[in-house]
$ cat protein_15.txt   # compact mmCIF, C-alpha atoms
# COMPACT_ATOMS: atom_id res chain seq x y z
CA MET Q 19 10.17 -0.58 24.09
CA LEU Q 20 13.68 -1.34 22.83
CA ALA Q 21 15.81 -3.85 24.67
CA PRO Q 22 19.36 -2.58 25.38
CA ALA Q 23 20.80 -4.85 22.69
CA ARG Q 24 18.30 -3.56 20.15
CA ALA Q 25 19.01 0.04 21.09
CA ALA Q 26 22.69 -0.59 20.44
CA ALA Q 27 21.91 -2.19 17.08
CA VAL Q 28 20.02 0.87 15.85
CA VAL Q 29 23.30 2.53 14.96
CA ALA Q 30 23.76 0.01 12.16
CA ALA Q 31 21.06 1.79 10.14
CA ALA Q 32 21.69 4.21 7.27
CA ILE Q 33 21.00 7.95 7.12
CA ALA Q 34 21.50 10.49 4.36
CA GLY Q 35 23.17 7.85 2.23
CA THR Q 36 25.88 7.09 4.83
CA ALA Q 37 26.01 3.43 5.82
CA LEU Q 38 26.69 2.82 9.50
CA VAL Q 39 28.40 -0.38 10.61
CA PRO Q 40 28.75 -1.91 14.07
CA PHE Q 41 31.18 -0.09 16.34
CA ILE Q 42 33.31 -3.13 16.98
CA ALA Q 43 34.41 -3.21 13.34
CA HIS Q 44 36.00 0.24 13.73
CA ALA Q 45 37.99 -0.22 16.91
CA GLU Q 46 41.22 1.77 16.90
CA SER Q 47 43.95 2.84 19.31
CA GLN Q 48 42.11 6.01 20.38
CA PRO Q 49 39.10 5.37 22.66
CA LEU Q 50 35.65 6.11 21.26
CA LEU Q 51 33.42 8.93 22.47
CA ARG Q 52 31.01 8.36 25.34
CA VAL Q 53 27.48 9.79 25.22
CA GLU Q 54 25.16 10.09 28.20
CA LEU Q 55 21.56 11.30 28.60
CA GLY Q 56 20.69 12.90 31.94
CA THR Q 57 17.51 12.26 33.90
CA PRO Q 58 14.55 14.46 32.83
CA ALA Q 59 13.49 17.10 35.35
CA SER Q 60 10.09 15.45 35.82
CA SER Q 61 9.33 11.76 36.15
CA GLY Q 62 5.72 12.13 35.01
CA PRO Q 63 4.37 11.15 31.56
CA LEU Q 64 4.20 13.46 28.57
CA THR Q 65 0.77 14.69 27.50
CA ARG Q 66 -0.43 15.91 24.11
CA GLY Q 67 -0.11 19.68 24.11
CA GLY Q 68 1.20 19.59 27.70
CA ALA Q 69 4.49 20.29 29.45
CA THR Q 70 7.79 19.33 27.88
CA GLU Q 71 10.73 17.44 29.39
CA THR Q 72 14.30 18.77 29.46
CA PHE Q 73 17.45 16.73 30.03
CA GLU Q 74 21.17 17.04 29.32
CA LEU Q 75 23.09 15.27 26.57
CA THR Q 76 26.82 15.04 27.25
CA VAL Q 77 29.50 13.66 24.96
CA GLU Q 78 32.95 12.92 26.45
CA ASN Q 79 36.24 12.37 24.66
CA PRO Q 80 38.53 10.27 26.90
CA GLY Q 81 41.28 10.09 24.28
CA THR Q 82 44.41 12.16 23.71
CA LYS Q 83 43.30 13.50 20.33
CA ALA Q 84 40.30 15.66 19.35
CA ARG Q 85 37.41 13.78 17.76
CA GLN Q 86 34.28 14.66 15.78
CA TYR Q 87 30.78 14.01 17.13
CA HIS Q 88 27.79 13.80 14.74
CA PRO Q 89 24.64 13.75 16.93
CA TRP Q 90 21.66 11.60 15.99
CA LEU Q 91 18.51 11.25 18.16
CA LEU Q 92 16.09 8.49 17.18
CA LEU Q 93 12.52 8.23 18.49
CA ASP Q 94 11.57 4.58 18.29
CA GLU Q 95 8.40 2.44 18.59
CA ALA Q 96 5.91 5.24 19.14
CA GLY Q 97 3.04 3.18 17.69
CA PRO Q 98 1.54 2.23 14.33
CA SER Q 99 1.18 5.78 12.96
CA PRO Q 100 4.31 7.43 11.54
CA LEU Q 101 5.03 10.78 13.18
CA GLN Q 102 4.97 14.11 11.40
CA THR Q 103 7.57 16.80 12.13
CA ALA Q 104 4.93 18.90 13.89
CA ASP Q 105 3.91 16.07 16.27
CA ILE Q 106 7.01 16.55 18.47
CA THR Q 107 8.37 19.60 20.29
CA TYR Q 108 12.15 19.52 19.91
CA ARG Q 109 14.82 22.02 20.98
CA VAL Q 110 18.58 21.80 21.59
CA GLU Q 111 20.48 24.53 23.47
CA PRO Q 112 24.26 24.52 24.07
CA VAL Q 113 25.44 24.50 27.70
CA ASN Q 114 29.13 23.87 27.17
CA ALA Q 115 29.20 23.63 23.38
CA PRO Q 116 29.33 25.84 20.25
CA ALA Q 117 26.19 27.56 18.94
CA THR Q 118 23.86 24.87 17.66
CA ALA Q 119 21.26 24.47 14.89
CA VAL Q 120 18.64 21.68 14.87
CA LEU Q 121 16.73 19.82 12.18
CA VAL Q 122 14.18 17.00 12.06
CA GLY Q 123 14.38 14.13 9.59
CA HIS Q 124 12.37 11.02 8.76
CA GLN Q 125 13.89 7.75 7.67
CA ASP Q 126 11.88 4.59 7.06
CA GLY Q 127 8.93 6.36 8.69
CA GLY Q 128 10.81 7.10 11.91
CA TRP Q 129 11.25 10.50 13.57
CA GLN Q 130 14.86 11.68 13.90
CA GLY Q 131 16.21 14.74 15.65
CA MET Q 132 19.66 15.96 14.66
CA PHE Q 133 21.79 19.00 15.44
CA HIS Q 134 25.02 20.48 14.13
CA PRO Q 135 27.23 23.57 14.55
CA ALA Q 136 25.26 26.70 13.66
CA SER Q 137 28.23 27.92 11.63
CA GLY Q 138 28.10 24.82 9.41
CA SER Q 139 25.50 22.74 7.65
CA ALA Q 140 23.58 19.51 8.22
CA GLY Q 141 25.94 16.59 8.55
CA ASP Q 142 28.75 18.63 10.09
CA GLY Q 143 30.10 17.40 13.42
CA PHE Q 144 31.23 19.05 16.64
CA GLN Q 145 34.92 19.00 17.55
CA VAL Q 146 35.29 17.43 21.00
CA PRO Q 147 38.72 18.33 22.48
CA ALA Q 148 40.90 15.57 23.94
CA GLY Q 149 40.09 14.79 27.56
CA SER Q 150 37.07 17.12 27.46
CA GLU Q 151 33.31 17.05 26.98
CA LEU Q 152 30.46 19.02 25.37
CA THR Q 153 26.99 19.40 26.88
CA TRP Q 154 23.57 20.45 25.51
CA LYS Q 155 20.06 20.80 26.98
CA VAL Q 156 17.52 18.82 24.94
CA THR Q 157 13.78 19.52 25.21
CA ILE Q 158 11.18 16.97 24.08
CA GLY Q 159 7.38 17.24 24.19
CA LEU Q 160 4.18 16.33 22.36
CA THR Q 161 1.93 18.67 20.41
CA LYS Q 162 -1.83 18.21 20.26
CA SER Q 163 -1.43 16.50 16.89
CA TYR Q 164 0.49 13.56 18.37
CA PRO Q 165 -1.72 10.63 17.26
CA THR Q 166 -3.87 9.03 19.94
CA ILE Q 167 -3.20 5.59 18.44
CA ASN Q 168 0.46 6.03 19.48
CA GLY Q 169 1.77 5.64 23.01
CA GLY Q 170 5.06 5.84 24.87
CA PHE Q 171 8.42 5.76 23.12
CA GLU Q 172 12.18 5.62 23.59
CA LEU Q 173 14.64 8.32 22.55
CA THR Q 174 18.11 7.02 21.67
CA ALA Q 175 21.19 9.21 21.44
CA ALA Q 176 23.48 7.78 18.78
CA SER Q 177 25.74 9.12 16.02
CA VAL Q 178 25.66 9.00 12.24
CA ARG Q 179 29.29 7.87 12.32
CA PRO Q 180 30.95 4.92 14.12
CA GLU Q 181 32.42 7.14 16.85
CA LEU Q 182 30.56 6.14 20.07
CA GLU Q 183 31.25 3.36 22.54
CA ARG Q 184 27.50 2.74 22.71
CA PRO Q 185 24.25 4.72 22.41
CA ASP Q 186 22.22 5.85 25.43
CA THR Q 187 18.44 5.75 25.78
CA LEU Q 188 15.61 7.42 27.71
CA ALA Q 189 12.06 6.04 27.96
CA PHE Q 190 9.03 8.37 27.93
CA ASP Q 191 5.49 7.52 28.94
CA VAL Q 192 2.51 9.22 27.28
CA ALA Q 193 -0.78 9.88 29.01
CA PRO Q 194 -3.45 8.86 28.41
CA ASN Q 195 -2.94 5.46 26.79
CA ASN Q 196 0.79 4.91 27.19
CA GLU Q 197 0.64 1.59 25.33
CA PRO Q 198 0.30 1.98 21.56
CA GLY Q 199 -2.83 0.86 19.75
CA THR Q 200 -2.54 -1.73 16.99
CA PHE Q 201 -3.30 -1.76 13.27
CA ARG Q 202 -3.92 -4.82 11.10
CA THR Q 203 -4.60 -5.21 7.38
CA TRP Q 204 -5.07 -8.42 5.40
CA MET Q 205 -6.65 -9.79 2.21
CA ASP Q 206 -9.04 -12.72 1.70
CA ARG Q 207 -9.85 -14.36 -1.63
CA THR Q 208 -13.58 -14.50 -2.36
CA GLY Q 209 -13.63 -16.52 -5.61
CA GLY Q 210 -14.74 -15.54 -9.07
CA CYS Q 211 -16.51 -12.32 -10.03
CA GLU Q 212 -20.11 -11.80 -11.06
CA GLY Q 213 -20.52 -13.74 -14.30
CA LEU Q 214 -16.84 -14.70 -14.62
CA PRO Q 215 -14.88 -17.69 -13.27
CA GLU Q 216 -11.79 -17.39 -11.08
CA SER Q 217 -9.57 -18.10 -14.09
CA GLN Q 218 -10.66 -14.78 -15.62
CA CYS Q 219 -11.50 -12.59 -12.60
CA GLN Q 220 -10.57 -12.83 -8.92
CA GLY Q 221 -12.52 -11.32 -6.05
CA LEU Q 222 -10.64 -10.12 -2.94
CA ASP Q 223 -11.66 -8.45 0.32
CA LEU Q 224 -9.14 -6.01 1.82
CA HIS Q 225 -9.56 -5.66 5.62
CA TYR Q 226 -8.46 -2.89 8.01
CA LYS Q 227 -8.79 -3.01 11.80
CA VAL Q 228 -7.53 -0.88 14.71
CA GLY Q 229 -7.15 -2.55 18.10
CA GLY Q 230 -6.47 -1.31 21.61
CA HIS Q 231 -7.37 2.37 21.46
CA GLY Q 232 -7.00 5.60 19.54
CA THR Q 233 -7.34 6.85 15.98
CA PHE Q 234 -5.24 8.01 13.04
CA ASN Q 235 -5.17 11.79 12.79
CA HIS Q 236 -4.45 11.66 9.04
CA ALA Q 237 -6.23 9.89 6.20
CA VAL Q 238 -4.90 6.41 5.47
CA ARG Q 239 -4.51 4.96 1.99
CA SER Q 240 -3.16 1.77 0.46
CA GLN Q 241 -1.63 0.81 -2.83
CA LEU Q 242 -1.91 -2.58 -4.51
CA ILE Q 243 1.37 -3.94 -5.87
CA ALA Q 244 1.41 -6.69 -8.50
CA SER Q 245 4.26 -8.87 -9.71
CA TYR Q 246 4.11 -11.64 -12.31
CA GLY Q 247 5.35 -15.21 -12.32
CA ASP Q 248 6.82 -14.55 -15.75
CA SER Q 249 9.18 -11.57 -15.58
CA LYS Q 250 8.72 -11.06 -19.33
CA VAL Q 251 5.05 -10.15 -18.99
CA ARG Q 252 4.39 -6.84 -20.74
CA ASN Q 253 1.13 -4.96 -21.29
CA ALA Q 254 -0.88 -7.33 -19.13
CA GLY Q 255 -3.65 -4.73 -18.91
CA LEU Q 256 -4.35 -5.36 -15.22
CA VAL Q 257 -7.76 -3.99 -14.25
CA VAL Q 258 -8.43 -3.30 -10.55
CA GLU Q 259 -11.90 -2.31 -9.39
CA ALA Q 260 -13.18 -1.48 -5.91
CA LYS Q 261 -16.74 -1.43 -4.64
CA VAL Q 262 -17.44 2.16 -3.59
CA ASP Q 263 -20.90 3.34 -2.47
CA GLY Q 264 -22.47 0.14 -3.78
CA GLY Q 265 -20.96 0.28 -7.27
CA TRP Q 266 -17.78 -0.94 -8.90
CA LYS Q 267 -15.20 1.74 -9.71
CA ALA Q 268 -12.09 1.29 -11.83
CA LEU Q 269 -9.01 2.45 -9.91
CA LYS Q 270 -6.07 4.49 -11.18
CA GLY Q 271 -2.98 2.44 -11.81
CA ASP Q 272 -1.00 0.37 -14.27
CA ASP Q 273 0.18 -3.22 -14.57
CA PHE Q 274 2.15 -3.00 -11.32
CA PHE Q 275 0.44 -0.46 -9.03
CA ALA Q 276 -3.09 0.65 -8.24
CA THR Q 277 -4.18 3.32 -5.76
CA LEU Q 278 -6.91 1.94 -3.49
CA PRO Q 279 -9.72 3.99 -1.88
CA THR Q 280 -8.67 6.34 0.95
CA ILE Q 281 -9.88 5.92 4.54
CA GLN Q 282 -10.60 9.35 5.98
CA LYS Q 283 -8.84 10.68 9.11
CA GLY Q 284 -10.26 9.53 12.42
CA PHE Q 285 -10.18 5.81 11.53
CA GLY Q 286 -9.73 3.99 14.82
CA VAL Q 287 -10.85 1.37 17.27
CA ASP Q 288 -14.43 2.68 17.32
CA SER Q 289 -14.68 2.43 13.53
CA GLY Q 290 -14.86 -1.35 13.60
CA GLU Q 291 -13.47 -3.50 10.81
CA ARG Q 292 -13.33 -1.82 7.39
CA VAL Q 293 -13.67 -4.09 4.33
CA VAL Q 294 -13.00 -2.95 0.76
CA PRO Q 295 -14.17 -5.47 -1.90
CA LEU Q 296 -11.86 -5.69 -4.92
CA ARG Q 297 -11.93 -7.54 -8.19
CA ILE Q 298 -8.91 -8.16 -10.41
CA LYS Q 299 -8.96 -9.11 -14.10
CA LEU Q 300 -7.13 -8.52 -17.38
CA ALA Q 301 -8.25 -6.03 -19.99
CA ALA Q 302 -9.84 -7.19 -23.24
CA ASP Q 303 -6.76 -6.02 -25.16
CA THR Q 304 -4.26 -7.79 -22.89
CA ALA Q 305 -1.08 -9.11 -24.47
CA VAL Q 306 -1.25 -12.12 -22.14
CA THR Q 307 -2.23 -15.24 -24.08
CA GLY Q 308 -2.61 -17.84 -21.34
CA PRO Q 309 -2.96 -18.41 -17.57
CA THR Q 310 -0.44 -16.18 -15.75
CA PRO Q 311 0.54 -16.32 -12.03
CA ILE Q 312 0.22 -12.93 -10.31
CA THR Q 313 1.35 -12.06 -6.78
CA LEU Q 314 -0.56 -9.26 -5.04
CA ARG Q 315 0.19 -7.36 -1.83
CA THR Q 316 -0.71 -3.98 -0.36
CA GLU Q 317 1.22 -1.23 1.40
CA THR Q 318 -0.57 1.18 3.76
CA LEU Q 319 0.63 4.72 4.43
CA LEU Q 320 -0.57 8.10 5.62
CA ASP Q 321 -2.10 10.16 2.84
CA ALA Q 322 0.11 13.22 3.52
CA GLY Q 323 3.37 14.25 5.13
CA ASN Q 324 5.47 11.38 6.43
CA ASN Q 325 3.95 8.77 4.13
CA TYR Q 326 6.45 5.95 4.42
CA PRO Q 327 4.47 2.64 4.35
CA PHE Q 328 3.89 1.47 7.92
CA ALA Q 329 1.84 -1.69 7.29
CA GLY Q 330 0.97 -4.15 4.54
CA THR Q 331 -0.64 -7.47 3.68
CA PRO Q 332 1.10 -10.79 3.07
CA ASP Q 333 1.42 -11.95 -0.53
CA THR Q 334 -1.73 -13.30 -2.18
CA LYS Q 335 -1.13 -15.49 -5.24
CA ILE Q 336 -3.70 -15.74 -8.04
CA THR Q 337 -3.71 -16.94 -11.66
CA LEU Q 338 -5.50 -15.00 -14.39
CA GLY Q 339 -5.98 -15.54 -18.11
CA PRO Q 340 -7.48 -13.34 -20.80
CA VAL Q 341 -11.23 -12.93 -21.17
CA LYS Q 342 -12.11 -14.04 -24.70
CA ALA Q 343 -15.06 -12.13 -26.17
CA THR Q 344 -17.49 -14.19 -28.31
CA PRO Q 345 -17.88 -12.69 -31.83
CA THR Q 346 -21.33 -11.26 -32.56
CA PRO Q 347 -23.01 -12.36 -35.87
CA THR Q 348 -23.14 -9.57 -38.47
CA THR Q 349 -26.55 -10.67 -39.85
CA ILE Q 350 -29.56 -12.48 -38.46
CA PRO Q 351 -31.56 -14.74 -40.84
CA SER Q 352 -35.00 -13.46 -41.78
CA THR Q 353 -38.05 -15.32 -40.39
CA THR Q 354 -40.23 -14.40 -43.39
CA PRO Q 355 -40.58 -17.19 -46.03
CA SER Q 356 -39.27 -16.10 -49.45
CA THR Q 357 -42.31 -17.52 -51.32
CA THR Q 358 -45.99 -17.22 -50.36
CA PRO Q 359 -47.73 -20.65 -50.64
CA THR Q 360 -50.84 -20.83 -52.87
CA VAL Q 361 -53.63 -23.40 -53.36
CA THR Q 362 -55.24 -23.88 -56.84
CA PRO Q 363 -58.94 -24.98 -56.66
CA SER Q 364 -60.19 -27.92 -58.82
CA THR Q 365 -62.07 -27.06 -62.10
CA SER Q 366 -64.47 -29.97 -61.60
CA SER Q 367 -66.97 -29.80 -58.79
CA SER Q 368 -67.45 -33.59 -58.78
CA ALA Q 369 -63.73 -34.45 -58.84
CA ALA Q 370 -61.88 -35.17 -55.61
CA ALA Q 371 -59.41 -32.54 -54.42
CA PRO Q 372 -55.93 -33.37 -55.62
CA ALA Q 373 -53.50 -34.69 -53.02
CA PRO Q 374 -50.67 -32.35 -52.20
CA SER Q 375 -47.45 -33.18 -53.99
CA ALA Q 376 -44.53 -34.49 -51.95
CA PRO Q 377 -42.06 -31.78 -51.01
CA SER Q 378 -38.89 -31.84 -53.04
CA THR Q 379 -35.49 -31.78 -51.45
CA PRO Q 380 -33.82 -28.42 -52.18
CA SER Q 381 -30.26 -28.36 -53.41
CA ALA Q 382 -27.52 -26.67 -51.42
CA GLY Q 383 -28.03 -22.93 -51.39
CA ALA Q 384 -31.49 -23.11 -52.99
CA THR Q 385 -34.70 -21.75 -51.46
CA ARG Q 386 -37.00 -24.45 -50.20
CA ALA Q 387 -39.96 -24.97 -52.66
CA THR Q 388 -43.44 -24.46 -51.26
CA THR Q 389 -46.47 -26.65 -51.77
CA GLY Q 390 -50.19 -26.44 -51.03
CA SER Q 391 -49.53 -27.55 -47.43
CA LEU Q 392 -48.19 -25.16 -44.73
CA ALA Q 393 -47.42 -28.01 -42.31
CA THR Q 394 -44.12 -29.85 -42.56
CA THR Q 395 -42.44 -32.32 -40.27
CA GLY Q 396 -38.95 -33.60 -39.66
CA SER Q 397 -35.59 -31.81 -39.54
CA ASP Q 398 -35.36 -29.22 -42.28
CA SER Q 399 -34.12 -25.66 -42.78
CA THR Q 400 -36.89 -24.22 -40.58
CA ALA Q 401 -35.43 -26.04 -37.56
CA SER Q 402 -31.99 -24.76 -38.54
CA LEU Q 403 -33.43 -21.27 -38.67
CA TYR Q 404 -34.76 -21.54 -35.10
CA ALA Q 405 -31.38 -22.87 -33.90
CA ALA Q 406 -29.58 -19.93 -35.49
CA LEU Q 407 -31.96 -17.46 -33.86
CA ALA Q 408 -31.42 -19.04 -30.41
CA ALA Q 409 -27.64 -18.92 -30.83
CA ALA Q 410 -27.79 -15.26 -31.82
CA ALA Q 411 -29.86 -14.44 -28.73
CA LEU Q 412 -27.32 -16.21 -26.48
CA VAL Q 413 -24.47 -14.28 -28.10
CA ALA Q 414 -26.28 -10.98 -27.50
CA LEU Q 415 -26.90 -11.85 -23.83
CA GLY Q 416 -23.32 -13.05 -23.27
CA SER Q 417 -21.46 -10.09 -24.75
CA LEU Q 418 -19.42 -8.12 -22.20
CA ALA Q 419 -17.46 -4.86 -22.53
CA TRP Q 420 -14.20 -4.50 -20.70
CA PHE Q 421 -12.25 -1.39 -19.99
CA THR Q 422 -9.10 -0.39 -18.12
CA THR Q 423 -7.37 2.74 -17.07
CA ARG Q 424 -3.65 3.28 -17.11
CA ARG Q 425 -1.36 5.72 -15.38
CA SER Q 426 1.87 6.81 -16.89
CA ALA Q 427 3.95 7.01 -13.71
CA ARG Q 428 4.18 5.41 -10.30
CA ARG Q 429 2.96 7.38 -7.29
$ encode --input "protein_15.txt" --output "structure tokens"
Amino acid sequence: MLAPARAAAVVAAAIAGTALVPFIAHAESQPLLRVELGTPASSGPLTRGGATETFELTVENPGTKARQYHPWLLLDEAGPSPLQTADITYRVEPVNAPATAVLVGHQDGGWQGMFHPASGSAGDGFQVPAGSELTWKVTIGLTKSYPTINGGFELTAASVRPELERPDTLAFDVAPNNEPGTFRTWMDRTGGCEGLPESQCQGLDLHYKVGGHGTFNHAVRSQLIASYGDSKVRNAGLVVEAKVDGGWKALKGDDFFATLPTIQKGFGVDSGERVVPLRIKLAADTAVTGPTPITLRTETLLDAGNNYPFAGTPDTKITLGPVKATPTPTTIPSTTPSTTPTVTPSTSSSAAAPAPSAPSTPSAGATRATTGSLATTGSDSTASLYAALAAAALVALGSLAWFTTRRSARR
């Protein structure tokens, strides 16, 4: 829940492009407006799909001149899941005020209820006469879609302009499970990839875990965000792969963003810890020529509706260089001798068989001469032939194909 000081500080936020600054900086001779929230009719907790709570909101102008009031209701600290418009029942009815229209907004993932004169448009204020006040009945409740991972919350009545002495706040409990559940996500480095060292490919495990109680009632997804130690890096060819159903799958993205696998709705405390293995490398056609520092982090958001990121991982720093492919020989030497050796028999039956002549040393580029003997010893071109064949086999076994996918625009 918000402490009083924090509730007062919430008015220093920004909405619809209008920057709000602390009230004290705008003190003037005329006193500021005073806003007050009445006690709800029931003191019991709200329930999903159950009864609503109604209370009065009164704004008073103690000054001698009329002033404008621009209402702003902020629902704060409901839990880890951002709220959708349909998760909250919200109505405003004038008691001693002009006809009123309402609207719901979302800023930085938070739920915001606003209202304005029905004769005007969003952002218009109500004229509060000098020495007078305006009053409305506000109704708040939960629909069945209010996420079970969220709990109780505070509703703060503020203004989008620096026109109030201070905001006012009401606390609401939610049953069951008034206290919000928790959500954690983090990354661990796991070393090099299969067949590649860490300098060319980095393995990472992305973890998700819900604590306390409850589930997300929308699918949850994350995006990987990369930045480079050298701001001049272009066309790095970052390749991000995730292990899905036992196999590695290249993910959609570019050098700066990649969309990670989605976790389906219903992910919660009973799901246990979810781990998504990742591996990061550079494409074969990367423009990077040497080791490059890369900083990686993730942002997690709901897959639809109010999808402002609500969680993320700390920075993980890695260094990657290009994977250099070994060239494959265009030809492989033949293993068949160019000349077939022959043996000439002696013409005299009583003469001893002639001794084989000593092998001659071939000149550079010449084919080795053959003799009557098939056996040779020592280091000659036959040994070189075997060495060349072994090298060719190693090249064939070590060849790898790399691929990458690009996307033309950020999410």
$ closest_residue --input "protein_15.txt" --among "Q:Ser217, Q:Ser177, Q:Thr107, Q:Asn79" --to "Pro147 in chain Q" --atoms "all atoms listed in the file"
Q:Asn79
$ residues_around --input "protein_15.txt" --residues "Gly330 in chain Q" --least-positions-apart "6" --cutoff "9 Å" --atoms "all atoms listed in the file" --output "PyMOL selection string"
chain Q and resi 202-204+240+315-319
$ write_last_selection --input "protein_15.txt" --atoms "C-alpha atoms" --output "mmCIF file, in the frame of the given file"
data_model
loop_
_atom_site.group_PDB
_atom_site.id
_atom_site.type_symbol
_atom_site.label_atom_id
_atom_site.label_comp_id
_atom_site.auth_asym_id
_atom_site.auth_seq_id
_atom_site.Cartn_x
_atom_site.Cartn_y
_atom_site.Cartn_z
ATOM 1 C CA ARG Q 202 -3.920 -4.820 11.100
ATOM 2 C CA THR Q 203 -4.600 -5.210 7.380
ATOM 3 C CA TRP Q 204 -5.070 -8.420 5.400
ATOM 4 C CA SER Q 240 -3.160 1.770 0.460
ATOM 5 C CA ARG Q 315 0.190 -7.360 -1.830
ATOM 6 C CA THR Q 316 -0.710 -3.980 -0.360
ATOM 7 C CA GLU Q 317 1.220 -1.230 1.400
ATOM 8 C CA THR Q 318 -0.570 1.180 3.760
ATOM 9 C CA LEU Q 319 0.630 4.720 4.430
#
$ closest_residue --input "protein_15.txt" --among "Q:Asp248, Q:Glu54, Q:Asp126, Q:Asp263" --to "Asn325 in chain Q" --atoms "all atoms listed in the file"
Q:Asp126
$ closest_residue --input "protein_15.txt" --among "Q:Gln86, Q:Pro295, Q:Asp321, Q:Lys155" --to "Thr208 in chain Q" --atoms "only C-alpha atoms"
Q:Pro295
$ atom_distance --input "protein_15.txt" --atom1 "CA of Val257 in chain Q" --atom2 "CA of Leu296 in chain Q"
10.3 Å
$ residues_around --input "protein_15.txt" --residues "Glu291 in chain Q" --least-positions-apart "5" --cutoff "7 Å" --atoms "only C-alpha atoms" --output "PyMOL selection string"
chain Q and resi 225-227
$ residues_around --input "protein_15.txt" --residues "Ser137 in chain Q" --least-positions-apart "4" --cutoff "12 Å" --atoms "all atoms listed in the file" --output "ChimeraX atom specification"
/Q:116-120,133,141-144
$ atom_distance --input "protein_15.txt" --atom1 "CA of Arg109 in chain Q" --atom2 "CA of Gly81 in chain Q"
29.2 Å
$ closest_residue --input "protein_15.txt" --among "Q:Val156, Q:Leu92, Q:Ile106, Q:Ala115" --to "Gly131 in chain Q" --atoms "all atoms listed in the file"
Q:Leu92
$ residues_around --input "protein_15.txt" --residues "Val192 in chain Q" --least-positions-apart "2" --cutoff "7 Å" --atoms "all atoms listed in the file" --output "count of residues only"
9
$ atom_distance --input "protein_15.txt" --atom1 "CA of Ser61 in chain Q" --atom2 "CA of Glu74 in chain Q"
14.7 Å
$ decode --input "protein_15.txt" --residues "range 75-110 of chain Q" --atoms "C-alpha atoms" --output "tab-separated table (two decimals), in the first residue's frame"
chain	number	residue	atom	x	y	z
Q	75	LEU	CA	-15.85	12.59	-3.83
Q	76	THR	CA	-16.11	16.24	-2.82
Q	77	VAL	CA	-13.96	19.13	-4.02
Q	78	GLU	CA	-14.11	22.42	-2.08
Q	79	ASN	CA	-12.97	25.87	-3.16
Q	80	PRO	CA	-12.19	27.95	-0.04
Q	81	GLY	CA	-10.98	30.93	-2.08
Q	82	THR	CA	-12.72	34.10	-3.25
Q	83	LYS	CA	-12.37	33.30	-6.95
Q	84	ALA	CA	-13.73	30.39	-9.03
Q	85	ARG	CA	-11.22	27.66	-9.85
Q	86	GLN	CA	-10.99	24.73	-12.26
Q	87	TYR	CA	-10.85	21.12	-11.05
Q	88	HIS	CA	-9.47	18.36	-13.32
Q	89	PRO	CA	-10.26	15.03	-11.61
Q	90	TRP	CA	-7.79	12.15	-11.73
Q	91	LEU	CA	-8.30	8.82	-9.90
Q	92	LEU	CA	-5.29	6.50	-9.73
Q	93	LEU	CA	-5.49	2.83	-8.74
Q	94	ASP	CA	-2.09	1.91	-7.36
Q	95	GLU	CA	-0.17	-1.27	-6.40
Q	96	ALA	CA	-2.81	-3.81	-7.36
Q	97	GLY	CA	-0.20	-6.52	-7.96
Q	98	PRO	CA	2.21	-7.70	-10.66
Q	99	SER	CA	-0.34	-7.94	-13.49
Q	100	PRO	CA	-1.32	-4.70	-15.24
Q	101	LEU	CA	-5.08	-4.14	-15.22
Q	102	GLN	CA	-7.27	-4.05	-18.30
Q	103	THR	CA	-10.10	-1.53	-18.64
Q	104	ALA	CA	-12.66	-4.33	-18.22
Q	105	ASP	CA	-11.14	-5.56	-14.92
Q	106	ILE	CA	-12.68	-2.68	-12.93
Q	107	THR	CA	-16.28	-1.51	-12.55
Q	108	TYR	CA	-16.20	2.30	-12.55
Q	109	ARG	CA	-19.03	4.86	-12.50
Q	110	VAL	CA	-19.27	8.54	-11.55
